[in-house]
>>> print(open('model31.pdb').read())   # PDB, C-alpha atoms, pLDDT in the B column
MODEL        1
ATOM      1  CA  MET Y 986       0.000   0.000   0.000  1.00 84.00           C
ATOM      2  CA  THR Y 987       1.265   3.471  -0.920  1.00 90.00           C
ATOM      3  CA  ASP Y 988       2.310   5.707   1.982  1.00 95.00           C
ATOM      4  CA  LEU Y 989       0.205   8.812   1.301  1.00 96.00           C
ATOM      5  CA  VAL Y 990       2.065  10.888   3.893  1.00 96.00           C
ATOM      6  CA  ALA Y 991       5.357  10.169   2.158  1.00 96.00           C
ATOM      7  CA  LEU Y 992       3.805  10.814  -1.267  1.00 97.00           C
ATOM      8  CA  THR Y 993       2.429  14.153  -0.069  1.00 96.00           C
ATOM      9  CA  ALA Y 994       5.878  15.180   1.140  1.00 95.00           C
ATOM     10  CA  ALA Y 995       7.477  13.999  -2.118  1.00 96.00           C
ATOM     11  CA  ASN Y 996       5.004  15.966  -4.239  1.00 96.00           C
ATOM     12  CA  ALA Y 997       5.548  19.081  -2.121  1.00 95.00           C
ATOM     13  CA  THR Y 998       9.311  18.765  -2.619  1.00 95.00           C
ATOM     14  CA  ARG Y 999       8.946  18.211  -6.357  1.00 96.00           C
ATOM     15  CA  TRP Y1000       6.780  21.334  -6.560  1.00 96.00           C
ATOM     16  CA  THR Y1001       9.558  23.477  -5.097  1.00 94.00           C
ATOM     17  CA  LYS Y1002      12.057  22.126  -7.650  1.00 94.00           C
ATOM     18  CA  ALA Y1003       9.911  21.797 -10.783  1.00 96.00           C
ATOM     19  CA  LYS Y1004      10.534  23.778 -13.957  1.00 95.00           C
ATOM     20  CA  LEU Y1005       8.128  23.875 -16.875  1.00 96.00           C
ATOM     21  CA  THR Y1006       9.353  22.244 -20.081  1.00 96.00           C
ATOM     22  CA  ARG Y1007       6.263  22.986 -22.188  1.00 96.00           C
ATOM     23  CA  ASN Y1008       3.980  25.958 -22.780  1.00 96.00           C
ATOM     24  CA  PHE Y1009       1.032  25.859 -20.349  1.00 97.00           C
ATOM     25  CA  SER Y1010      -0.213  29.429 -20.847  1.00 96.00           C
ATOM     26  CA  GLY Y1011      -2.943  28.836 -23.439  1.00 97.00           C
ATOM     27  CA  THR Y1012      -4.574  26.037 -21.474  1.00 98.00           C
ATOM     28  CA  ALA Y1013      -4.234  27.958 -18.204  1.00 98.00           C
ATOM     29  CA  LYS Y1014      -6.062  30.934 -19.735  1.00 98.00           C
ATOM     30  CA  ARG Y1015      -8.992  28.694 -20.665  1.00 98.00           C
ATOM     31  CA  LEU Y1016      -9.205  27.259 -17.164  1.00 98.00           C
ATOM     32  CA  VAL Y1017      -9.212  30.628 -15.369  1.00 98.00           C
ATOM     33  CA  ALA Y1018     -11.520  32.379 -17.864  1.00 98.00           C
ATOM     34  CA  PRO Y1019     -14.438  33.992 -15.961  1.00 98.00           C
ATOM     35  CA  THR Y1020     -17.160  31.763 -17.435  1.00 98.00           C
ATOM     36  CA  ALA Y1021     -15.241  28.562 -16.745  1.00 98.00           C
ATOM     37  CA  LYS Y1022     -14.120  29.696 -13.298  1.00 97.00           C
ATOM     38  CA  GLY Y1023     -17.720  30.521 -12.402  1.00 97.00           C
ATOM     39  CA  ARG Y1024     -18.846  26.975 -13.202  1.00 98.00           C
ATOM     40  CA  TYR Y1025     -15.979  25.479 -11.212  1.00 98.00           C
ATOM     41  CA  GLN Y1026     -16.803  27.754  -8.284  1.00 97.00           C
ATOM     42  CA  THR Y1027     -20.412  26.580  -8.354  1.00 97.00           C
ATOM     43  CA  VAL Y1028     -19.258  23.001  -7.823  1.00 97.00           C
ATOM     44  CA  SER Y1029     -16.688  24.149  -5.272  1.00 97.00           C
ATOM     45  CA  ALA Y1030     -19.416  25.814  -3.210  1.00 97.00           C
ATOM     46  CA  ARG Y1031     -21.382  22.538  -3.142  1.00 97.00           C
ATOM     47  CA  THR Y1032     -18.448  20.259  -2.321  1.00 97.00           C
ATOM     48  CA  GLY Y1033     -15.785  22.298  -0.512  1.00 96.00           C
ATOM     49  CA  VAL Y1034     -13.212  21.251  -3.132  1.00 96.00           C
ATOM     50  CA  PRO Y1035     -11.105  24.192  -4.409  1.00 97.00           C
ATOM     51  CA  TRP Y1036     -12.254  25.352  -7.832  1.00 97.00           C
ATOM     52  CA  PHE Y1037      -8.769  25.126  -9.328  1.00 98.00           C
ATOM     53  CA  PHE Y1038      -8.510  21.444  -8.336  1.00 97.00           C
ATOM     54  CA  ILE Y1039     -11.738  20.840 -10.240  1.00 97.00           C
ATOM     55  CA  ALA Y1040     -10.432  22.823 -13.222  1.00 98.00           C
ATOM     56  CA  VAL Y1041      -7.200  20.861 -13.671  1.00 98.00           C
ATOM     57  CA  ALA Y1042      -8.994  17.518 -13.164  1.00 97.00           C
ATOM     58  CA  HIS Y1043     -11.479  18.569 -15.851  1.00 98.00           C
ATOM     59  CA  GLU Y1044      -8.626  19.357 -18.219  1.00 97.00           C
ATOM     60  CA  ARG Y1045      -6.817  16.067 -17.601  1.00 96.00           C
ATOM     61  CA  GLU Y1046      -9.929  13.908 -17.801  1.00 94.00           C
ATOM     62  CA  ALA Y1047     -11.693  15.565 -20.725  1.00 96.00           C
ATOM     63  CA  SER Y1048      -9.669  18.493 -22.140  1.00 97.00           C
ATOM     64  CA  GLN Y1049     -12.266  20.786 -20.487  1.00 98.00           C
ATOM     65  CA  ASN Y1050     -15.131  19.273 -22.493  1.00 98.00           C
ATOM     66  CA  TRP Y1051     -18.345  20.348 -20.735  1.00 98.00           C
ATOM     67  CA  ASN Y1052     -20.304  17.460 -22.265  1.00 98.00           C
ATOM     68  CA  THR Y1053     -18.390  14.827 -20.307  1.00 98.00           C
ATOM     69  CA  GLN Y1054     -18.383  13.461 -16.770  1.00 97.00           C
ATOM     70  CA  LEU Y1055     -15.612  14.790 -14.527  1.00 97.00           C
ATOM     71  CA  GLY Y1056     -14.940  11.353 -13.040  1.00 95.00           C
ATOM     72  CA  GLN Y1057     -13.568   9.686 -16.164  1.00 94.00           C
ATOM     73  CA  GLY Y1058     -14.365  11.784 -19.240  1.00 95.00           C
ATOM     74  CA  ASP Y1059     -17.239   9.605 -20.497  1.00 97.00           C
ATOM     75  CA  PRO Y1060     -20.223  11.296 -22.216  1.00 97.00           C
ATOM     76  CA  LEU Y1061     -22.409  13.265 -19.817  1.00 97.00           C
ATOM     77  CA  GLY Y1062     -25.677  11.849 -21.143  1.00 96.00           C
ATOM     78  CA  SER Y1063     -24.661   8.174 -20.953  1.00 97.00           C
ATOM     79  CA  VAL Y1064     -23.880   5.664 -18.238  1.00 98.00           C
ATOM     80  CA  SER Y1065     -20.086   5.604 -17.801  1.00 97.00           C
ATOM     81  CA  VAL Y1066     -18.137   2.549 -18.956  1.00 96.00           C
ATOM     82  CA  HIS Y1067     -14.750   3.599 -17.584  1.00 93.00           C
ATOM     83  CA  VAL Y1068     -13.833   3.779 -13.884  1.00 92.00           C
ATOM     84  CA  PRO Y1069     -15.821   4.977 -12.071  1.00 94.00           C
ATOM     85  CA  LYS Y1070     -18.283   2.811 -14.027  1.00 95.00           C
ATOM     86  CA  GLY Y1071     -22.069   3.015 -13.912  1.00 97.00           C
ATOM     87  CA  LYS Y1072     -22.242   6.762 -13.351  1.00 97.00           C
ATOM     88  CA  GLY Y1073     -24.807   8.955 -15.042  1.00 96.00           C
ATOM     89  CA  PRO Y1074     -26.465   9.960 -17.140  1.00 97.00           C
ATOM     90  CA  PHE Y1075     -26.389  13.549 -15.876  1.00 98.00           C
ATOM     91  CA  LYS Y1076     -28.350  16.508 -17.192  1.00 97.00           C
ATOM     92  CA  ALA Y1077     -25.667  19.094 -16.384  1.00 98.00           C
ATOM     93  CA  TRP Y1078     -21.876  19.013 -16.128  1.00 98.00           C
ATOM     94  CA  GLU Y1079     -22.100  20.396 -12.586  1.00 98.00           C
ATOM     95  CA  ASP Y1080     -24.187  17.396 -11.469  1.00 98.00           C
ATOM     96  CA  GLY Y1081     -21.650  14.920 -12.820  1.00 97.00           C
ATOM     97  CA  ALA Y1082     -18.806  16.856 -11.194  1.00 98.00           C
ATOM     98  CA  PHE Y1083     -20.591  16.875  -7.843  1.00 98.00           C
ATOM     99  CA  ASP Y1084     -21.056  13.104  -8.016  1.00 97.00           C
ATOM    100  CA  ALA Y1085     -17.401  12.508  -8.950  1.00 97.00           C
ATOM    101  CA  LEU Y1086     -16.105  14.560  -6.024  1.00 97.00           C
ATOM    102  CA  VAL Y1087     -18.589  13.405  -3.381  1.00 97.00           C
ATOM    103  CA  SER Y1088     -19.503   9.819  -4.286  1.00 96.00           C
ATOM    104  CA  CYS Y1089     -16.398   8.419  -6.007  1.00 96.00           C
ATOM    105  CA  ALA Y1090     -13.077   7.357  -4.535  1.00 94.00           C
ATOM    106  CA  PRO Y1091     -10.860   8.954  -3.347  1.00 94.00           C
ATOM    107  CA  PHE Y1092     -13.691  11.315  -2.247  1.00 96.00           C
ATOM    108  CA  ALA Y1093     -12.081  14.725  -2.667  1.00 96.00           C
ATOM    109  CA  ALA Y1094     -14.988  16.379  -0.862  1.00 97.00           C
ATOM    110  CA  ARG Y1095     -13.778  14.705   2.354  1.00 96.00           C
ATOM    111  CA  ASN Y1096     -10.207  15.975   2.003  1.00 95.00           C
ATOM    112  CA  ARG Y1097      -8.970  18.567   4.485  1.00 93.00           C
ATOM    113  CA  ASP Y1098      -5.370  18.930   3.325  1.00 94.00           C
ATOM    114  CA  TRP Y1099      -5.299  21.503   0.539  1.00 95.00           C
ATOM    115  CA  SER Y1100      -1.610  22.304   0.875  1.00 95.00           C
ATOM    116  CA  ILE Y1101       0.217  21.954  -2.439  1.00 96.00           C
ATOM    117  CA  GLY Y1102       1.422  18.483  -1.455  1.00 96.00           C
ATOM    118  CA  GLY Y1103      -2.061  17.436  -0.378  1.00 96.00           C
ATOM    119  CA  THR Y1104      -3.680  18.898  -3.488  1.00 97.00           C
ATOM    120  CA  LEU Y1105      -1.297  17.149  -5.881  1.00 97.00           C
ATOM    121  CA  THR Y1106      -1.579  13.865  -4.006  1.00 97.00           C
ATOM    122  CA  MET Y1107      -5.374  13.966  -4.107  1.00 97.00           C
ATOM    123  CA  LEU Y1108      -5.200  14.573  -7.870  1.00 97.00           C
ATOM    124  CA  GLU Y1109      -2.778  11.664  -8.193  1.00 97.00           C
ATOM    125  CA  GLN Y1110      -5.164   9.393  -6.309  1.00 96.00           C
ATOM    126  CA  TYR Y1111      -7.907  10.143  -8.823  1.00 91.00           C
ATOM    127  CA  ASN Y1112      -5.666   8.888 -11.614  1.00 91.00           C
ATOM    128  CA  GLY Y1113      -4.249   5.977  -9.631  1.00 92.00           C
ATOM    129  CA  LEU Y1114      -1.234   5.239  -7.464  1.00 96.00           C
ATOM    130  CA  GLY Y1115       0.545   2.869  -9.832  1.00 95.00           C
ATOM    131  CA  TYR Y1116       3.336   5.358 -10.477  1.00 96.00           C
ATOM    132  CA  ALA Y1117       3.898   5.975  -6.782  1.00 96.00           C
ATOM    133  CA  ALA Y1118       4.054   2.216  -6.223  1.00 95.00           C
ATOM    134  CA  ARG Y1119       6.902   2.135  -8.757  1.00 94.00           C
ATOM    135  CA  GLY Y1120       8.629   5.090  -7.081  1.00 93.00           C
ATOM    136  CA  LYS Y1121       8.070   7.262 -10.160  1.00 95.00           C
ATOM    137  CA  PRO Y1122       6.558  10.732 -10.548  1.00 97.00           C
ATOM    138  CA  SER Y1123       3.076  10.517 -12.039  1.00 97.00           C
ATOM    139  CA  PRO Y1124       2.763  12.089 -15.523  1.00 97.00           C
ATOM    140  CA  TYR Y1125      -0.813  12.976 -14.575  1.00 97.00           C
ATOM    141  CA  ILE Y1126       0.797  15.447 -12.184  1.00 98.00           C
ATOM    142  CA  TRP Y1127       4.267  16.163 -13.596  1.00 98.00           C
ATOM    143  CA  SER Y1128       4.054  15.841 -17.387  1.00 98.00           C
ATOM    144  CA  GLY Y1129       5.394  19.019 -18.969  1.00 97.00           C
ATOM    145  CA  THR Y1130       7.899  19.608 -16.158  1.00 96.00           C
ATOM    146  CA  ASP Y1131      11.456  18.456 -15.559  1.00 96.00           C
ATOM    147  CA  GLN Y1132      10.198  16.156 -12.797  1.00 96.00           C
ATOM    148  CA  TYR Y1133       8.904  13.718 -15.440  1.00 97.00           C
ATOM    149  CA  VAL Y1134      10.811  12.095 -18.303  1.00 96.00           C
ATOM    150  CA  SER Y1135       8.907   9.065 -19.558  1.00 97.00           C
ATOM    151  CA  GLY Y1136       6.750   6.109 -18.602  1.00 97.00           C
ATOM    152  CA  LYS Y1137       2.997   5.736 -18.819  1.00 96.00           C
ATOM    153  CA  TYR Y1138       0.234   3.252 -18.151  1.00 96.00           C
ATOM    154  CA  VAL Y1139      -1.067   2.765 -21.688  1.00 93.00           C
ATOM    155  CA  ARG Y1140      -4.055   0.782 -20.390  1.00 88.00           C
ATOM    156  CA  ASP Y1141      -5.151  -0.659 -17.067  1.00 84.00           C
ATOM    157  CA  GLY Y1142      -2.261  -2.525 -15.480  1.00 88.00           C
ATOM    158  CA  VAL Y1143       0.086  -2.116 -18.464  1.00 95.00           C
ATOM    159  CA  PHE Y1144       3.067   0.202 -17.918  1.00 96.00           C
ATOM    160  CA  ASP Y1145       5.301   1.177 -20.846  1.00 97.00           C
ATOM    161  CA  PRO Y1146       8.529   2.879 -19.686  1.00 96.00           C
ATOM    162  CA  SER Y1147       9.257   4.320 -23.143  1.00 97.00           C
ATOM    163  CA  VAL Y1148       5.975   6.173 -23.682  1.00 97.00           C
ATOM    164  CA  VAL Y1149       5.917   9.910 -22.937  1.00 97.00           C
ATOM    165  CA  ASP Y1150       2.648  11.426 -21.759  1.00 96.00           C
ATOM    166  CA  GLN Y1151       1.680  14.228 -24.160  1.00 95.00           C
ATOM    167  CA  GLN Y1152      -0.962  15.813 -21.938  1.00 95.00           C
ATOM    168  CA  LEU Y1153      -0.069  18.698 -19.665  1.00 97.00           C
ATOM    169  CA  GLY Y1154       0.253  17.679 -16.022  1.00 97.00           C
ATOM    170  CA  CYS Y1155      -1.699  19.109 -13.113  1.00 98.00           C
ATOM    171  CA  ALA Y1156       1.297  20.686 -11.353  1.00 97.00           C
ATOM    172  CA  GLY Y1157       2.314  22.745 -14.374  1.00 97.00           C
ATOM    173  CA  LEU Y1158      -1.292  23.742 -14.981  1.00 98.00           C
ATOM    174  CA  LEU Y1159      -1.634  24.985 -11.409  1.00 98.00           C
ATOM    175  CA  ALA Y1160       1.642  26.921 -11.622  1.00 96.00           C
ATOM    176  CA  ALA Y1161       0.574  28.600 -14.873  1.00 97.00           C
ATOM    177  CA  MET Y1162      -2.897  29.363 -13.510  1.00 97.00           C
ATOM    178  CA  MET Y1163      -1.377  31.008 -10.431  1.00 96.00           C
ATOM    179  CA  GLN Y1164       0.490  33.419 -12.689  1.00 95.00           C
ATOM    180  CA  LEU Y1165      -2.855  34.518 -14.149  1.00 97.00           C
ATOM    181  CA  ASP Y1166      -5.103  34.377 -11.089  1.00 97.00           C
ATOM    182  CA  PRO Y1167      -3.629  35.535  -7.748  1.00 92.00           C
ATOM    183  CA  THR Y1168      -6.640  34.182  -5.831  1.00 93.00           C
ATOM    184  CA  ILE Y1169      -5.289  30.648  -6.214  1.00 95.00           C
ATOM    185  CA  THR Y1170      -3.702  29.726  -2.893  1.00 91.00           C
ATOM    186  CA  PHE Y1171      -2.958  26.627  -0.875  1.00 89.00           C
ATOM    187  CA  THR Y1172      -4.307  26.608   2.710  1.00 72.00           C
ATOM    188  CA  GLY Y1173      -4.280  30.404   2.731  1.00 51.00           C
ATOM    189  CA  ALA Y1174      -0.589  30.818   1.903  1.00 43.00           C
ATOM    190  CA  LYS Y1175      -0.179  32.642  -1.385  1.00 41.00           C
ATOM    191  CA  ILE Y1176       2.827  31.509  -3.375  1.00 36.00           C
ATOM    192  CA  THR Y1177       4.742  34.484  -4.771  1.00 37.00           C
ATOM    193  CA  PRO Y1178       5.697  33.991  -8.441  1.00 40.00           C
ATOM    194  CA  ALA Y1179       9.406  34.072  -9.269  1.00 37.00           C
ATOM    195  CA  GLY Y1180      10.755  37.593  -9.730  1.00 38.00           C
ATOM    196  CA  THR Y1181       7.981  39.212  -7.699  1.00 41.00           C
ATOM    197  CA  ALA Y1182       8.957  41.195  -4.636  1.00 45.00           C
ATOM    198  CA  PRO Y1183       7.130  40.057  -1.496  1.00 41.00           C
ATOM    199  CA  SER Y1184       4.612  42.391   0.072  1.00 44.00           C
ATOM    200  CA  PRO Y1185       6.129  44.675   2.710  1.00 47.00           C
ATOM    201  CA  ALA Y1186       5.559  43.650   6.274  1.00 41.00           C
ATOM    202  CA  PRO Y1187       2.784  45.588   8.006  1.00 45.00           C
ATOM    203  CA  LYS Y1188       3.879  48.376  10.309  1.00 49.00           C
ATOM    204  CA  PRO Y1189       3.727  47.478  13.983  1.00 44.00           C
ATOM    205  CA  PRO Y1190       0.890  49.042  15.946  1.00 48.00           C
ATOM    206  CA  PRO Y1191       1.733  52.246  17.871  1.00 50.00           C
ATOM    207  CA  GLY Y1192       2.909  51.827  21.415  1.00 49.00           C
ATOM    208  CA  THR Y1193       0.461  51.935  24.285  1.00 44.00           C
ATOM    209  CA  PRO Y1194      -0.079  55.510  25.547  1.00 47.00           C
ATOM    210  CA  SER Y1195       1.685  56.248  28.851  1.00 44.00           C
ATOM    211  CA  ILE Y1196       2.363  59.205  31.128  1.00 41.00           C
ATOM    212  CA  HIS Y1197       5.524  59.941  29.120  1.00 47.00           C
ATOM    213  CA  ALA Y1198       3.852  59.432  25.750  1.00 50.00           C
ATOM    214  CA  PRO Y1199       0.143  60.179  26.129  1.00 48.00           C
ATOM    215  CA  ALA Y1200      -2.312  59.656  23.302  1.00 50.00           C
ATOM    216  CA  LYS Y1201      -2.584  62.586  20.897  1.00 53.00           C
ATOM    217  CA  GLY Y1202      -5.472  64.913  21.793  1.00 51.00           C
ATOM    218  CA  SER Y1203      -5.845  63.502  25.308  1.00 47.00           C
ATOM    219  CA  LEU Y1204      -5.908  65.506  28.543  1.00 44.00           C
ATOM    220  CA  GLY Y1205      -2.493  64.042  29.379  1.00 46.00           C
ATOM    221  CA  ALA Y1206      -1.083  65.398  26.122  1.00 51.00           C
ATOM    222  CA  PHE Y1207      -2.461  68.877  26.982  1.00 46.00           C
ATOM    223  CA  PHE Y1208      -0.618  68.953  30.331  1.00 45.00           C
ATOM    224  CA  VAL Y1209       2.615  67.649  28.782  1.00 46.00           C
ATOM    225  CA  ASP Y1210       2.541  70.426  26.171  1.00 58.00           C
ATOM    226  CA  LEU Y1211       1.760  73.010  28.883  1.00 48.00           C
ATOM    227  CA  PHE Y1212       4.662  71.778  31.018  1.00 46.00           C
ATOM    228  CA  ARG Y1213       7.049  71.948  28.084  1.00 57.00           C
ATOM    229  CA  SER Y1214       5.980  75.510  27.189  1.00 54.00           C
ATOM    230  CA  LEU Y1215       6.431  76.778  30.789  1.00 50.00           C
ATOM    231  CA  PHE Y1216       9.763  75.122  31.519  1.00 47.00           C
ATOM    232  CA  GLY Y1217      11.248  74.927  28.044  1.00 53.00           C
ATOM    233  CA  ARG Y1218      11.752  71.169  28.171  1.00 47.00           C
ATOM    234  CA  THR Y1219      11.423  68.887  25.159  1.00 45.00           C
TER     235      THR Y1219
ENDMDL
END
>>> encode(input="model31.pdb", output="structure tokens")
Amino acid sequence: MTDLVALTAANATRWTKAKLTRNFSGTAKRLVAPTAKGRYQTVSARTGVPWFFIAVAHEREASQNWNTQLGQGDPLGSVSVHVPKGKGPFKAWEDGAFDALVSCAPFAARNRDWSIGGTLTMLEQYNGLGYAARGKPSPYIWSGTDQYVSGKYVRDGVFDPSVVDQQLGCAGLLAAMMQLDPTITFTGAKITPAGTAPSPAPKPPPGTPSIHAPAKGSLGAFFVDLFRSLFGRT
């Protein structure tokens, strides 16, 4: 059985080291476009799953096709034949997405770790842990970055080490989306893009008024000013 704690730590470390090797910008723009983002946010509000997680899963499973089920990319209006099987039909994409996140393993709606490591590991679980079992980075996550070279499950249970995944991976998609949409954060900690100066630290609050430094406009301040004017002290 795969150690999910170790996988989460490994994915977090890979994230800090990863460099993009393909162009993600065009796809990222589609995923953060206002109309698309609004639909993802609708599902997010119903499930508690971050909208950007839903967006990258939608891209990987169905190239952002709104007429498919989020769970496996099968047609929205038919009963699914790929895992998860027997799902649908659904009248709206949002209904299929809700079902995939709430009713299908690994049940993203139950997740509480939305750090970058937790987010990437939850995405990896949706695709399967076969790569982690082999000690290899999953192309579902890392394709299009220098963390992935080759190797792909070409069908269930069949791994070909020479095949290179041509789809863009979730990690690179998230990184490119963050460049376009600063609201994308992980557990409240915004990641500053490379080359961007961090926000200045807030100024500390003023000291507590005292007899030597009374609050401006107070009676104490009046007497201090009077004393200084009479005796010439500063």
>>> resolve_selection(input="model31.pdb", expression="the PyMOL selection byres ((chain Y and resi 1050) around 12)", output="list in words")
Arg1015, Leu1016, Ala1021, Ala1040, Val1041, Ala1042, His1043, Glu1044, Arg1045, Glu1046, Ala1047, Ser1048, Gln1049, Trp1051, Asn1052, Thr1053, Gln1054, Leu1055, Gln1057, Gly1058, Asp1059, Pro1060, Leu1061 and Trp1078 of chain Y
>>> residues_around(input="model31.pdb", residues="Y:Ala1085", least_positions_apart="2", cutoff="9 Å", atoms="all atoms listed in the file", output="list of chain:residue names")
Y:Gln1054, Y:Leu1055, Y:Gly1056, Y:Gln1057, Y:Pro1069, Y:Lys1072, Y:Asp1080, Y:Gly1081, Y:Ala1082, Y:Phe1083, Y:Val1087, Y:Ser1088, Y:Cys1089, Y:Ala1090, Y:Phe1092, Y:Ala1093
>>> resolve_selection(input="model31.pdb", expression="the PyMOL selection byres ((chain Y and resi 1162) around 9)", output="compact mmCIF listing (two decimals) with C-alpha atoms, keeping the file's coordinate frame")
# COMPACT_ATOMS: atom_id res chain seq x y z
CA PHE Y 1009 1.03 25.86 -20.35
CA SER Y 1010 -0.21 29.43 -20.85
CA THR Y 1012 -4.57 26.04 -21.47
CA ALA Y 1013 -4.23 27.96 -18.20
CA LYS Y 1014 -6.06 30.93 -19.74
CA LEU Y 1016 -9.20 27.26 -17.16
CA VAL Y 1017 -9.21 30.63 -15.37
CA PHE Y 1037 -8.77 25.13 -9.33
CA GLY Y 1157 2.31 22.74 -14.37
CA LEU Y 1158 -1.29 23.74 -14.98
CA LEU Y 1159 -1.63 24.98 -11.41
CA ALA Y 1160 1.64 26.92 -11.62
CA ALA Y 1161 0.57 28.60 -14.87
CA MET Y 1163 -1.38 31.01 -10.43
CA GLN Y 1164 0.49 33.42 -12.69
CA LEU Y 1165 -2.86 34.52 -14.15
CA ASP Y 1166 -5.10 34.38 -11.09
CA PRO Y 1167 -3.63 35.53 -7.75
CA ILE Y 1169 -5.29 30.65 -6.21
>>> closest_residue(input="model31.pdb", among="Y:Gly1033, Y:Arg1095, Y:Phe1144, Y:Tyr1125", to="Y:Glu1109", atoms="all atoms listed in the file")
Y:Tyr1125
>>> atom_distance(input="model31.pdb", atom1="atom CA of Y:Val1139", atom2="atom CA of Y:Tyr1116")
12.3 Å
>>> axis_aligned_box(input="model31.pdb", around="stretch 1104-1123 of chain Y", padding_each_side="8 Å", output="lines of an AutoDock Vina configuration file")
center_x = 0.4
center_y = 10.5
center_z = -7.8
size_x = 32.5
size_y = 32.8
size_z = 24.6
>>> residues_near_point(input="model31.pdb", point="(-28.1, 10.4, -15.4)", cutoff="7 Å", atoms="all atoms listed in the file", output="ChimeraX atom specification")
/Y:1062-1064,1073-1076
>>> residues_around(input="model31.pdb", residues="Y:Lys1004", least_positions_apart="3", cutoff="12 Å", atoms="only C-alpha atoms", output="list of chain:residue names")
Y:Arg999, Y:Trp1000, Y:Thr1001, Y:Arg1007, Y:Asn1008, Y:Phe1009, Y:Trp1127, Y:Ser1128, Y:Gly1129, Y:Thr1130, Y:Asp1131, Y:Gln1132, Y:Tyr1133, Y:Ala1156, Y:Gly1157, Y:Leu1158, Y:Ala1160, Y:Ala1161, Y:Ala1179
>>> atom_distance(input="model31.pdb", atom1="atom CA of Y:Ala991", atom2="atom CA of Y:Phe1171")
18.7 Å
